[in-house]
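Right, one structure below, let's go through it.
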Amino acid sequence: MSVNIQVTNSVGKILPVSANRITQEILAASEGKLSVTAQIPITDVTAVWHAGDLTIPNMRLPWFLDSQCGANHSMPLIIFLDQNFSASYAIGLTNGIDDSQFSCKLNQEACCYEVTIRIVIDPETTPFEIFFDESKRPMTGVLDDYRRKIMPELPAFPAAAWDPVYCTWYAVHAALTETYLKRNAEEAAGLGFGTFIVDDGWCFDEAKRVTPKTLPEWYRDIGDWDYSRNKLPELKKVVEHAQHLGLNYMFWVSPFFVGKRSALNDKVSLFRTGYDGGQRTYDPADAAANEITMNAIFDIFKSMELDGLKIDFIDIIHPDVDQPLCRNIKRYLETLIGKMREFKPDALIEFRQKYATPVNAGLATAFRAGDVPFDYMENFSRCVQLRLILGDNIPVHADPVYFNSQESCEAVGRHLIASLAGVPMLSMELSTISVEHKQVIRNYIDFYNRHRELLNHGHWEFDMRNGFPAAAICRNADECIIILTDDAMLERNLKNCPAHGTVLNMSANPIRFAGKTFDAQGNDCGNNSIPSGGRGEF
């Protein structure tokens, strides 16, 4: 190994390390923290990747990079990439639970990155490895090796984890009504969706939308986790109505939020933040507060006979090597989700992107891209980022498709194609969108449902160009699906494909093609060109 890696304890004593293993003896000598330092040569390095980024990194070298990692935020690995998106070097830790901090500083004189990794050593910490790779190979191979050390066995997921999802958030925010929920559940079920998420807004009386006026106090009533009797008096019947349509039903929760007008605000004394958005965050080390919120969340899950929960803002309490809380947060999640699964073994759990990591793969059943309304290119990139982090056979979910009602059918087709890099999700008022747009949605939800086995259990590969995925390819032995964002990349990505497959055109231009072609609505084009937002079959 050409790179020297040094380990010191919290008082600066150098600790001898063999084969990059942090043994029980080293843990005992840590004095509560370890520091790992290395100088990574800047040779054939043009970008830096880490899981804390929501999207694929640009081809640039930052002067400084700081990343906090732990059970509720990111994962402790940094990869230094060449221009072909192969890994020149990778360094990290296989302990993804404890609070850690990565610091990379570009030393121009020494032609290297000075990397320092600090990690908290808890009494519960078990031996782990310093992961290092300089094998100069595609980053997917490096990530596969790293992931296997954290997740040696693939978790099992309920069948519903792969169902396309309707979410209320972008469509209506907190202006929820029972009429809206029933109407859109019926529409969503008719279009082939399998899960319905009632996002933020079910647990307070105000019917409001996110605006510059409402946002500063948005979460002021959050924290008690009981439904609004004024706004949604018959909510249990609404849930039952949707379930009778064949939909799985989920509510949004954010366990550590304490709104200033909530009853919880007077019951909690330990906080980690001041008020922001009308709420503050309580300290997850507070066992009494944990019991209050966990009981309230479980009670609504049980009493409403829900199929699952979207558990949000777990990452709002950042890992902190000086005030570590990651183990407390993980313990909370394990306890809450354990109770839910005792009541309903196939309960659905959605985690958001920043805590969608291999260390949490056994807790959630869906790992969803971060918020990107209108931005289908970024939605696609975030799904690719999640697939890099989590690997194959994990339920990556797209952020909800949301578009302007004046968009062309071709543009709406690109939105839906982007969502096929994950399990598709949508958030539109379905009763008021145009017939033409609804046909685009129906076309691609039908396409997803016909190809869900391949899309969810095939092998994904990515063709990166200058910091963006020009193509994503999902294949098995018999067929493949190619999503193209660059219309010039077809021939390159058809190489080594099975005899049968589909090309989805997410680019803004038509693509010359020899097989059958269809537009965004699924109409046969009858020519040798795949229109933007359409597909070709071979």
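A note on labels: chains of the structure tokens are A, B, ... as shown, every chain counts residues from 1, and ligands are counted from 1 in their shown order.
All residues in range 388-431 of chain A with a DSSP state of helix (DSSP H, G or I), computed from the backbone, read Leu388, Ile389, Leu390, Cys409, Glu410, Ala411, Val412, Gly413, Arg414, His415, Leu416, Ile417, Ala418 and Ser419 of chain A.
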Selection from above, N, CA, C and O atoms, as a PDB file, in the first residue's frame, can you write it?
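Below is the file again18.pdb, written as the result:
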```pdb
ATOM      1  N   LEU A 388     -26.115   3.757  -6.137  1.00  0.00           N
ATOM      2  CA  LEU A 388     -24.687   3.585  -5.856  1.00  0.00           C
ATOM      3  C   LEU A 388     -24.469   3.266  -4.378  1.00  0.00           C
ATOM      4  O   LEU A 388     -23.674   2.394  -4.025  1.00  0.00           O
ATOM      5  N   ILE A 389     -25.177   3.956  -3.515  1.00  0.00           N
ATOM      6  CA  ILE A 389     -25.013   3.763  -2.069  1.00  0.00           C
ATOM      7  C   ILE A 389     -25.532   2.404  -1.623  1.00  0.00           C
ATOM      8  O   ILE A 389     -24.882   1.696  -0.844  1.00  0.00           O
ATOM      9  N   LEU A 390     -26.701   2.012  -2.125  1.00  0.00           N
ATOM     10  CA  LEU A 390     -27.406   0.844  -1.599  1.00  0.00           C
ATOM     11  C   LEU A 390     -27.215  -0.421  -2.425  1.00  0.00           C
ATOM     12  O   LEU A 390     -27.379  -1.523  -1.909  1.00  0.00           O
ATOM     13  N   CYS A 409     -46.516  16.979 -23.200  1.00  0.00           N
ATOM     14  CA  CYS A 409     -46.533  15.547 -22.886  1.00  0.00           C
ATOM     15  C   CYS A 409     -45.127  14.970 -22.950  1.00  0.00           C
ATOM     16  O   CYS A 409     -44.790  14.063 -22.174  1.00  0.00           O
ATOM     17  N   GLU A 410     -44.288  15.476 -23.852  1.00  0.00           N
ATOM     18  CA  GLU A 410     -42.908  14.991 -23.946  1.00  0.00           C
ATOM     19  C   GLU A 410     -42.155  15.260 -22.642  1.00  0.00           C
ATOM     20  O   GLU A 410     -41.429  14.393 -22.142  1.00  0.00           O
ATOM     21  N   ALA A 411     -42.324  16.462 -22.081  1.00  0.00           N
ATOM     22  CA  ALA A 411     -41.636  16.791 -20.824  1.00  0.00           C
ATOM     23  C   ALA A 411     -42.165  15.949 -19.667  1.00  0.00           C
ATOM     24  O   ALA A 411     -41.398  15.473 -18.821  1.00  0.00           O
ATOM     25  N   VAL A 412     -43.484  15.741 -19.631  1.00  0.00           N
ATOM     26  CA  VAL A 412     -44.052  14.883 -18.582  1.00  0.00           C
ATOM     27  C   VAL A 412     -43.522  13.459 -18.733  1.00  0.00           C
ATOM     28  O   VAL A 412     -43.232  12.784 -17.742  1.00  0.00           O
ATOM     29  N   GLY A 413     -43.365  13.005 -19.967  1.00  0.00           N
ATOM     30  CA  GLY A 413     -42.754  11.696 -20.198  1.00  0.00           C
ATOM     31  C   GLY A 413     -41.351  11.614 -19.625  1.00  0.00           C
ATOM     32  O   GLY A 413     -40.970  10.592 -19.037  1.00  0.00           O
ATOM     33  N   ARG A 414     -40.576  12.700 -19.770  1.00  0.00           N
ATOM     34  CA  ARG A 414     -39.213  12.697 -19.206  1.00  0.00           C
ATOM     35  C   ARG A 414     -39.266  12.627 -17.683  1.00  0.00           C
ATOM     36  O   ARG A 414     -38.433  11.964 -17.057  1.00  0.00           O
ATOM     37  N   HIS A 415     -40.234  13.318 -17.077  1.00  0.00           N
ATOM     38  CA  HIS A 415     -40.414  13.216 -15.618  1.00  0.00           C
ATOM     39  C   HIS A 415     -40.650  11.767 -15.204  1.00  0.00           C
ATOM     40  O   HIS A 415     -40.030  11.270 -14.249  1.00  0.00           O
ATOM     41  N   LEU A 416     -41.553  11.106 -15.897  1.00  0.00           N
ATOM     42  CA  LEU A 416     -41.904   9.730 -15.523  1.00  0.00           C
ATOM     43  C   LEU A 416     -40.749   8.782 -15.787  1.00  0.00           C
ATOM     44  O   LEU A 416     -40.488   7.860 -14.992  1.00  0.00           O
ATOM     45  N   ILE A 417     -40.030   8.974 -16.897  1.00  0.00           N
ATOM     46  CA  ILE A 417     -38.867   8.123 -17.177  1.00  0.00           C
ATOM     47  C   ILE A 417     -37.821   8.280 -16.082  1.00  0.00           C
ATOM     48  O   ILE A 417     -37.240   7.291 -15.617  1.00  0.00           O
ATOM     49  N   ALA A 418     -37.572   9.515 -15.659  1.00  0.00           N
ATOM     50  CA  ALA A 418     -36.602   9.739 -14.585  1.00  0.00           C
ATOM     51  C   ALA A 418     -36.966   8.960 -13.334  1.00  0.00           C
ATOM     52  O   ALA A 418     -36.108   8.381 -12.661  1.00  0.00           O
ATOM     53  N   SER A 419     -38.271   8.905 -13.030  1.00  0.00           N
ATOM     54  CA  SER A 419     -38.709   8.204 -11.817  1.00  0.00           C
ATOM     55  C   SER A 419     -38.515   6.697 -11.913  1.00  0.00           C
ATOM     56  O   SER A 419     -38.480   5.999 -10.889  1.00  0.00           O
TER      57      SER A 419
END
```
Distance query range 525-533 of chain A at most 12 Å, only C-alpha atoms, self and fewer than 3 positions along chain excluded, as a PDB file with N, CA, C and O atoms, in the first residue's frame:
```pdb
ATOM      1  N   TYR A 376     -36.717  16.936 -13.057  1.00  0.00           N
ATOM      2  CA  TYR A 376     -36.609  15.503 -13.345  1.00  0.00           C
ATOM      3  C   TYR A 376     -35.168  15.060 -13.531  1.00  0.00           C
ATOM      4  O   TYR A 376     -34.822  13.922 -13.228  1.00  0.00           O
ATOM      5  N   SER A 408     -45.482  20.133 -21.753  1.00  0.00           N
ATOM      6  CA  SER A 408     -45.815  19.265 -22.883  1.00  0.00           C
ATOM      7  C   SER A 408     -45.856  17.810 -22.427  1.00  0.00           C
ATOM      8  O   SER A 408     -45.275  17.447 -21.389  1.00  0.00           O
ATOM      9  N   CYS A 409     -46.516  16.979 -23.200  1.00  0.00           N
ATOM     10  CA  CYS A 409     -46.533  15.547 -22.886  1.00  0.00           C
ATOM     11  C   CYS A 409     -45.127  14.970 -22.950  1.00  0.00           C
ATOM     12  O   CYS A 409     -44.790  14.063 -22.174  1.00  0.00           O
ATOM     13  N   GLU A 410     -44.288  15.476 -23.852  1.00  0.00           N
ATOM     14  CA  GLU A 410     -42.908  14.991 -23.946  1.00  0.00           C
ATOM     15  C   GLU A 410     -42.155  15.260 -22.642  1.00  0.00           C
ATOM     16  O   GLU A 410     -41.429  14.393 -22.142  1.00  0.00           O
ATOM     17  N   ALA A 411     -42.324  16.462 -22.081  1.00  0.00           N
ATOM     18  CA  ALA A 411     -41.636  16.791 -20.824  1.00  0.00           C
ATOM     19  C   ALA A 411     -42.165  15.949 -19.667  1.00  0.00           C
ATOM     20  O   ALA A 411     -41.398  15.473 -18.821  1.00  0.00           O
ATOM     21  N   VAL A 412     -43.484  15.741 -19.631  1.00  0.00           N
ATOM     22  CA  VAL A 412     -44.052  14.883 -18.582  1.00  0.00           C
ATOM     23  C   VAL A 412     -43.522  13.459 -18.733  1.00  0.00           C
ATOM     24  O   VAL A 412     -43.232  12.784 -17.742  1.00  0.00           O
ATOM     25  N   GLY A 413     -43.365  13.005 -19.967  1.00  0.00           N
ATOM     26  CA  GLY A 413     -42.754  11.696 -20.198  1.00  0.00           C
ATOM     27  C   GLY A 413     -41.351  11.614 -19.625  1.00  0.00           C
ATOM     28  O   GLY A 413     -40.970  10.592 -19.037  1.00  0.00           O
ATOM     29  N   ARG A 414     -40.576  12.700 -19.770  1.00  0.00           N
ATOM     30  CA  ARG A 414     -39.213  12.697 -19.206  1.00  0.00           C
ATOM     31  C   ARG A 414     -39.266  12.627 -17.683  1.00  0.00           C
ATOM     32  O   ARG A 414     -38.433  11.964 -17.057  1.00  0.00           O
ATOM     33  N   HIS A 415     -40.234  13.318 -17.077  1.00  0.00           N
ATOM     34  CA  HIS A 415     -40.414  13.216 -15.618  1.00  0.00           C
ATOM     35  C   HIS A 415     -40.650  11.767 -15.204  1.00  0.00           C
ATOM     36  O   HIS A 415     -40.030  11.270 -14.249  1.00  0.00           O
ATOM     37  N   LEU A 416     -41.553  11.106 -15.897  1.00  0.00           N
ATOM     38  CA  LEU A 416     -41.904   9.730 -15.523  1.00  0.00           C
ATOM     39  C   LEU A 416     -40.749   8.782 -15.787  1.00  0.00           C
ATOM     40  O   LEU A 416     -40.488   7.860 -14.992  1.00  0.00           O
ATOM     41  N   ILE A 417     -40.030   8.974 -16.897  1.00  0.00           N
ATOM     42  CA  ILE A 417     -38.867   8.123 -17.177  1.00  0.00           C
ATOM     43  C   ILE A 417     -37.821   8.280 -16.082  1.00  0.00           C
ATOM     44  O   ILE A 417     -37.240   7.291 -15.617  1.00  0.00           O
ATOM     45  N   ALA A 418     -37.572   9.515 -15.659  1.00  0.00           N
ATOM     46  CA  ALA A 418     -36.602   9.739 -14.585  1.00  0.00           C
ATOM     47  C   ALA A 418     -36.966   8.960 -13.334  1.00  0.00           C
ATOM     48  O   ALA A 418     -36.108   8.381 -12.661  1.00  0.00           O
ATOM     49  N   VAL A 440     -50.061   9.933 -20.111  1.00  0.00           N
ATOM     50  CA  VAL A 440     -48.605   9.739 -19.959  1.00  0.00           C
ATOM     51  C   VAL A 440     -48.328   8.999 -18.652  1.00  0.00           C
ATOM     52  O   VAL A 440     -47.532   8.050 -18.610  1.00  0.00           O
ATOM     53  N   ILE A 441     -48.995   9.428 -17.587  1.00  0.00           N
ATOM     54  CA  ILE A 441     -48.807   8.769 -16.284  1.00  0.00           C
ATOM     55  C   ILE A 441     -49.235   7.307 -16.374  1.00  0.00           C
ATOM     56  O   ILE A 441     -48.505   6.410 -15.933  1.00  0.00           O
ATOM     57  N   ASN A 443     -49.403   5.407 -18.982  1.00  0.00           N
ATOM     58  CA  ASN A 443     -48.474   4.688 -19.846  1.00  0.00           C
ATOM     59  C   ASN A 443     -47.255   4.212 -19.074  1.00  0.00           C
ATOM     60  O   ASN A 443     -46.855   3.040 -19.159  1.00  0.00           O
ATOM     61  N   TYR A 444     -46.657   5.117 -18.283  1.00  0.00           N
ATOM     62  CA  TYR A 444     -45.406   4.735 -17.620  1.00  0.00           C
ATOM     63  C   TYR A 444     -45.621   3.968 -16.323  1.00  0.00           C
ATOM     64  O   TYR A 444     -44.760   3.163 -15.935  1.00  0.00           O
ATOM     65  N   ILE A 483     -32.081   3.821 -19.851  1.00  0.00           N
ATOM     66  CA  ILE A 483     -32.574   5.187 -19.726  1.00  0.00           C
ATOM     67  C   ILE A 483     -31.463   6.114 -20.203  1.00  0.00           C
ATOM     68  O   ILE A 483     -30.356   6.109 -19.647  1.00  0.00           O
ATOM     69  N   LEU A 484     -31.754   6.911 -21.230  1.00  0.00           N
ATOM     70  CA  LEU A 484     -30.747   7.808 -21.803  1.00  0.00           C
ATOM     71  C   LEU A 484     -31.090   9.257 -21.500  1.00  0.00           C
ATOM     72  O   LEU A 484     -32.211   9.717 -21.764  1.00  0.00           O
ATOM     73  N   THR A 485     -30.130   9.991 -20.945  1.00  0.00           N
ATOM     74  CA  THR A 485     -30.273  11.444 -20.829  1.00  0.00           C
ATOM     75  C   THR A 485     -29.500  12.158 -21.931  1.00  0.00           C
ATOM     76  O   THR A 485     -29.693  13.350 -22.150  1.00  0.00           O
ATOM     77  N   ASP A 486     -28.631  11.433 -22.623  1.00  0.00           N
ATOM     78  CA  ASP A 486     -27.818  11.967 -23.718  1.00  0.00           C
ATOM     79  C   ASP A 486     -28.182  11.198 -24.989  1.00  0.00           C
ATOM     80  O   ASP A 486     -27.940   9.991 -25.083  1.00  0.00           O
ATOM     81  N   ASP A 487     -28.776  11.884 -25.961  1.00  0.00           N
ATOM     82  CA  ASP A 487     -29.253  11.198 -27.162  1.00  0.00           C
ATOM     83  C   ASP A 487     -28.130  10.622 -28.010  1.00  0.00           C
ATOM     84  O   ASP A 487     -28.381   9.800 -28.894  1.00  0.00           O
ATOM     85  N   LEU A 490     -26.654   6.176 -27.419  1.00  0.00           N
ATOM     86  CA  LEU A 490     -27.380   4.933 -27.633  1.00  0.00           C
ATOM     87  C   LEU A 490     -26.475   3.782 -28.044  1.00  0.00           C
ATOM     88  O   LEU A 490     -26.477   2.723 -27.397  1.00  0.00           O
ATOM     89  N   THR A 502     -35.623  -2.319 -23.920  1.00  0.00           N
ATOM     90  CA  THR A 502     -36.327  -1.062 -24.129  1.00  0.00           C
ATOM     91  C   THR A 502     -35.362   0.091 -23.928  1.00  0.00           C
ATOM     92  O   THR A 502     -34.552   0.070 -22.989  1.00  0.00           O
ATOM     93  N   VAL A 503     -35.453   1.084 -24.775  1.00  0.00           N
ATOM     94  CA  VAL A 503     -34.706   2.333 -24.627  1.00  0.00           C
ATOM     95  C   VAL A 503     -35.699   3.425 -24.257  1.00  0.00           C
ATOM     96  O   VAL A 503     -36.687   3.646 -24.972  1.00  0.00           O
ATOM     97  N   LEU A 504     -35.476   4.081 -23.135  1.00  0.00           N
ATOM     98  CA  LEU A 504     -36.329   5.174 -22.673  1.00  0.00           C
ATOM     99  C   LEU A 504     -35.593   6.486 -22.929  1.00  0.00           C
ATOM    100  O   LEU A 504     -34.476   6.687 -22.431  1.00  0.00           O
ATOM    101  N   ASN A 505     -36.195   7.368 -23.684  1.00  0.00           N
ATOM    102  CA  ASN A 505     -35.533   8.593 -24.123  1.00  0.00           C
ATOM    103  C   ASN A 505     -35.851   9.750 -23.178  1.00  0.00           C
ATOM    104  O   ASN A 505     -36.879  10.416 -23.297  1.00  0.00           O
ATOM    105  N   MET A 506     -34.937   9.991 -22.231  1.00  0.00           N
ATOM    106  CA  MET A 506     -35.089  11.108 -21.299  1.00  0.00           C
ATOM    107  C   MET A 506     -34.404  12.365 -21.818  1.00  0.00           C
ATOM    108  O   MET A 506     -34.436  13.407 -21.170  1.00  0.00           O
ATOM    109  N   SER A 507     -33.774  12.279 -22.981  1.00  0.00           N
ATOM    110  CA  SER A 507     -33.135  13.458 -23.566  1.00  0.00           C
ATOM    111  C   SER A 507     -34.187  14.375 -24.181  1.00  0.00           C
ATOM    112  O   SER A 507     -35.352  14.001 -24.330  1.00  0.00           O
ATOM    113  N   ALA A 508     -33.763  15.569 -24.573  1.00  0.00           N
ATOM    114  CA  ALA A 508     -34.682  16.538 -25.166  1.00  0.00           C
ATOM    115  C   ALA A 508     -34.816  16.368 -26.668  1.00  0.00           C
ATOM    116  O   ALA A 508     -35.585  17.102 -27.306  1.00  0.00           O
ATOM    117  N   ASN A 509     -34.104  15.396 -27.237  1.00  0.00           N
ATOM    118  CA  ASN A 509     -34.080  15.228 -28.693  1.00  0.00           C
ATOM    119  C   ASN A 509     -34.550  13.838 -29.089  1.00  0.00           C
ATOM    120  O   ASN A 509     -34.413  12.885 -28.319  1.00  0.00           O
ATOM    121  N   PRO A 510     -35.070  13.676 -30.319  1.00  0.00           N
ATOM    122  CA  PRO A 510     -35.396  12.336 -30.807  1.00  0.00           C
ATOM    123  C   PRO A 510     -34.135  11.525 -31.035  1.00  0.00           C
ATOM    124  O   PRO A 510     -33.056  12.077 -31.260  1.00  0.00           O
ATOM    125  N   ILE A 511     -34.261  10.203 -30.950  1.00  0.00           N
ATOM    126  CA  ILE A 511     -33.124   9.299 -31.128  1.00  0.00           C
ATOM    127  C   ILE A 511     -33.444   8.340 -32.272  1.00  0.00           C
ATOM    128  O   ILE A 511     -34.482   7.665 -32.256  1.00  0.00           O
ATOM    129  N   ARG A 512     -32.566   8.288 -33.279  1.00  0.00           N
ATOM    130  CA  ARG A 512     -32.748   7.334 -34.380  1.00  0.00           C
ATOM    131  C   ARG A 512     -32.708   5.917 -33.833  1.00  0.00           C
ATOM    132  O   ARG A 512     -31.846   5.578 -33.019  1.00  0.00           O
ATOM    133  N   PHE A 513     -33.636   5.083 -34.310  1.00  0.00           N
ATOM    134  CA  PHE A 513     -33.801   3.760 -33.706  1.00  0.00           C
ATOM    135  C   PHE A 513     -34.434   2.824 -34.714  1.00  0.00           C
ATOM    136  O   PHE A 513     -35.365   3.206 -35.450  1.00  0.00           O
ATOM    137  N   ALA A 514     -33.979   1.585 -34.732  1.00  0.00           N
ATOM    138  CA  ALA A 514     -34.429   0.636 -35.754  1.00  0.00           C
ATOM    139  C   ALA A 514     -35.657  -0.176 -35.334  1.00  0.00           C
ATOM    140  O   ALA A 514     -36.289  -0.812 -36.180  1.00  0.00           O
ATOM    141  N   GLY A 515     -36.010  -0.192 -34.059  1.00  0.00           N
ATOM    142  CA  GLY A 515     -37.120  -1.024 -33.598  1.00  0.00           C
ATOM    143  C   GLY A 515     -38.433  -0.270 -33.520  1.00  0.00           C
ATOM    144  O   GLY A 515     -38.610   0.805 -34.100  1.00  0.00           O
ATOM    145  N   LYS A 516     -39.393  -0.847 -32.785  1.00  0.00           N
ATOM    146  CA  LYS A 516     -40.683  -0.205 -32.582  1.00  0.00           C
ATOM    147  C   LYS A 516     -40.511   1.013 -31.676  1.00  0.00           C
ATOM    148  O   LYS A 516     -39.749   0.974 -30.710  1.00  0.00           O
ATOM    149  N   THR A 517     -41.254   2.082 -31.962  1.00  0.00           N
ATOM    150  CA  THR A 517     -41.134   3.290 -31.148  1.00  0.00           C
ATOM    151  C   THR A 517     -42.510   3.770 -30.705  1.00  0.00           C
ATOM    152  O   THR A 517     -43.505   3.611 -31.421  1.00  0.00           O
ATOM    153  N   PHE A 518     -42.532   4.396 -29.525  1.00  0.00           N
ATOM    154  CA  PHE A 518     -43.775   4.859 -28.916  1.00  0.00           C
ATOM    155  C   PHE A 518     -43.542   6.230 -28.298  1.00  0.00           C
ATOM    156  O   PHE A 518     -42.458   6.516 -27.782  1.00  0.00           O
ATOM    157  N   ASP A 519     -44.569   7.071 -28.316  1.00  0.00           N
ATOM    158  CA  ASP A 519     -44.433   8.384 -27.710  1.00  0.00           C
ATOM    159  C   ASP A 519     -44.723   8.319 -26.221  1.00  0.00           C
ATOM    160  O   ASP A 519     -44.959   7.235 -25.650  1.00  0.00           O
ATOM    161  N   ALA A 520     -44.720   9.492 -25.569  1.00  0.00           N
ATOM    162  CA  ALA A 520     -44.874   9.537 -24.113  1.00  0.00           C
ATOM    163  C   ALA A 520     -46.202   8.977 -23.631  1.00  0.00           C
ATOM    164  O   ALA A 520     -46.309   8.486 -22.502  1.00  0.00           O
ATOM    165  N   GLN A 521     -47.219   9.024 -24.490  1.00  0.00           N
ATOM    166  CA  GLN A 521     -48.530   8.497 -24.122  1.00  0.00           C
ATOM    167  C   GLN A 521     -48.685   7.019 -24.449  1.00  0.00           C
ATOM    168  O   GLN A 521     -49.712   6.425 -24.152  1.00  0.00           O
ATOM    169  N   GLY A 522     -47.641   6.434 -25.056  1.00  0.00           N
ATOM    170  CA  GLY A 522     -47.693   5.025 -25.410  1.00  0.00           C
ATOM    171  C   GLY A 522     -48.220   4.755 -26.796  1.00  0.00           C
ATOM    172  O   GLY A 522     -48.439   3.584 -27.158  1.00  0.00           O
ATOM    173  N   GLY A 536     -38.357   3.074 -27.166  1.00  0.00           N
ATOM    174  CA  GLY A 536     -38.176   2.177 -28.292  1.00  0.00           C
ATOM    175  C   GLY A 536     -37.957   0.768 -27.795  1.00  0.00           C
ATOM    176  O   GLY A 536     -37.352   0.561 -26.735  1.00  0.00           O
ATOM    177  N   GLU A 537     -38.446  -0.218 -28.521  1.00  0.00           N
ATOM    178  CA  GLU A 537     -38.319  -1.618 -28.117  1.00  0.00           C
ATOM    179  C   GLU A 537     -37.566  -2.400 -29.187  1.00  0.00           C
ATOM    180  O   GLU A 537     -37.775  -2.190 -30.382  1.00  0.00           O
ATOM    181  N   PHE A 538     -36.662  -3.270 -28.752  1.00  0.00           N
ATOM    182  CA  PHE A 538     -35.903  -4.098 -29.700  1.00  0.00           C
ATOM    183  C   PHE A 538     -35.915  -5.545 -29.237  1.00  0.00           C
ATOM    184  O   PHE A 538     -36.317  -5.856 -28.132  1.00  0.00           O
TER     185      PHE A 538
END
```
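Of the listed residues A:Asn328, A:Asn523, A:Ser74, A:Asn9, the one whose atoms come nearest to Arg535 in chain A is A:Asn523, with distances taken using only C-alpha atoms.
Residues of range 189-293 of chain A carrying a DSSP assignment of strand (DSSP E or B), computed from the backbone, are A:Thr195, A:Phe196, A:Ile197, A:Val198, A:Asn248, A:Tyr249, A:Met250, A:Phe251, A:Trp252, A:Val253, A:Phe257, A:Val258, A:Gly259, A:Phe271, A:Asp276, A:Gln279, A:Arg280, A:Thr281, A:Tyr282.
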How close does range 145-193 of chain A get to range 205-214 of chain A? List, as CSV, each residue of range 145-193 of chain A within 6 Å, its nearest atom pair and the distance in Å to one decimal, counting only C-alpha atoms.
```
residue,atom,partner,partner_atom,distance
A:His173,CA,A:Arg209,CA,5.3
A:Ala174,CA,A:Lys208,CA,5.1
A:Ala175,CA,A:Ala207,CA,4.0
```
For the residues selected in the previous step, produce a file with N, CA, C and O atoms as an mmCIF file, in the first residue's frame.
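Everything below was put into result-v4.cif:
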```
data_model
loop_
_atom_site.group_PDB
_atom_site.id
_atom_site.type_symbol
_atom_site.label_atom_id
_atom_site.label_comp_id
_atom_site.auth_asym_id
_atom_site.auth_seq_id
_atom_site.Cartn_x
_atom_site.Cartn_y
_atom_site.Cartn_z
ATOM 1 N N HIS A 173 -49.839 19.999 -0.113
ATOM 2 C CA HIS A 173 -49.197 20.352 1.160
ATOM 3 C C HIS A 173 -50.139 19.993 2.316
ATOM 4 O O HIS A 173 -50.610 18.863 2.380
ATOM 5 N N ALA A 174 -50.415 20.953 3.201
ATOM 6 C CA ALA A 174 -51.256 20.632 4.365
ATOM 7 C C ALA A 174 -52.711 21.049 4.172
ATOM 8 O O ALA A 174 -53.485 21.019 5.126
ATOM 9 N N ALA A 175 -53.099 21.422 2.954
ATOM 10 C CA ALA A 175 -54.501 21.786 2.683
ATOM 11 C C ALA A 175 -55.300 20.523 2.389
ATOM 12 O O ALA A 175 -55.981 20.403 1.366
#
```
Would you write out, as a tab-separated table, a table of all residues in range 444-482 of chain A that have an atom no more than 12 Å from an atom of range 148-159 of chain A, listing for each the closest atom pair and the distance in Å to one decimal, considering only C-alpha atoms and ordering rows by chain and rising residue number?
```
residue	atom	partner	partner_atom	distance
A:Arg452	CA	A:Ala159	CA	11.0
A:Glu453	CA	A:Ala159	CA	10.9
A:Asn456	CA	A:Ala159	CA	10.9
A:His457	CA	A:Phe157	CA	11.9
```
Write out as a PyMOL selection string each polymer residue whose atoms come within 10 Å of His500 in chain A, counting only C-alpha atoms; drop sequence neighbours fewer than 3 positions from it. chain A and resi 477-481+497+537-538
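With CA of Val165 in chain A on one side and CA of Asp226 in chain A on the other, the separation reads 23.6 Å.
Summary of the local environment: counting only C-alpha atoms, residues at most 12 Å from Ala285 in chain A, other than itself and those fewer than 4 positions away along its chain, are Phe256, Val268, Ser269, Leu270, Phe271, Arg272, Thr281, Ala289, Asn290, Glu291, Ile317, Gln323, Pro324, Leu325, Cys326, Arg327, Asn328, Ile329, Lys330, Arg331 and Tyr332 of chain A.
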Kindly assemble as CSV a list of the range 62-169 of chain A residues that lie within 12 Å of range 235-246 of chain A, each paired with its nearest atom pair and their distance in Å to one decimal, using only C-alpha atoms, sorted first by chain and then by ascending residue number.
```
residue,atom,partner,partner_atom,distance
A:Ala160,CA,A:Gly246,CA,10.9
A:Asp163,CA,A:Gly246,CA,11.2
A:Tyr166,CA,A:Ala242,CA,11.7
```
Would you export the selected residues with all heavy atoms as a tab-separated table (two decimals), in the first residue's frame, please?
```tsv
chain	number	residue	atom	x	y	z
A	160	ALA	N	-44.94	-5.11	-1.17
A	160	ALA	CA	-45.48	-3.76	-1.35
A	160	ALA	C	-44.39	-2.70	-1.37
A	160	ALA	O	-44.66	-1.55	-1.78
A	160	ALA	CB	-46.48	-3.45	-0.25
A	163	ASP	N	-44.21	-1.27	-4.81
A	163	ASP	CA	-45.40	-0.72	-5.45
A	163	ASP	C	-45.22	0.77	-5.75
A	163	ASP	O	-44.70	1.52	-4.90
A	163	ASP	CB	-46.63	-0.88	-4.55
A	163	ASP	CG	-47.14	-2.30	-4.49
A	163	ASP	OD1	-46.75	-3.11	-5.35
A	163	ASP	OD2	-47.93	-2.59	-3.58
A	166	TYR	N	-48.32	7.07	-4.59
A	166	TYR	CA	-48.89	8.42	-4.67
A	166	TYR	C	-48.65	9.10	-3.33
A	166	TYR	O	-48.92	8.52	-2.27
A	166	TYR	CB	-50.39	8.38	-4.97
A	166	TYR	CG	-50.98	9.77	-5.05
A	166	TYR	CD1	-51.02	10.44	-6.27
A	166	TYR	CD2	-51.46	10.41	-3.92
A	166	TYR	CE1	-51.54	11.73	-6.35
A	166	TYR	CE2	-51.98	11.71	-4.00
A	166	TYR	CZ	-52.00	12.36	-5.20
A	166	TYR	OH	-52.50	13.64	-5.28
```
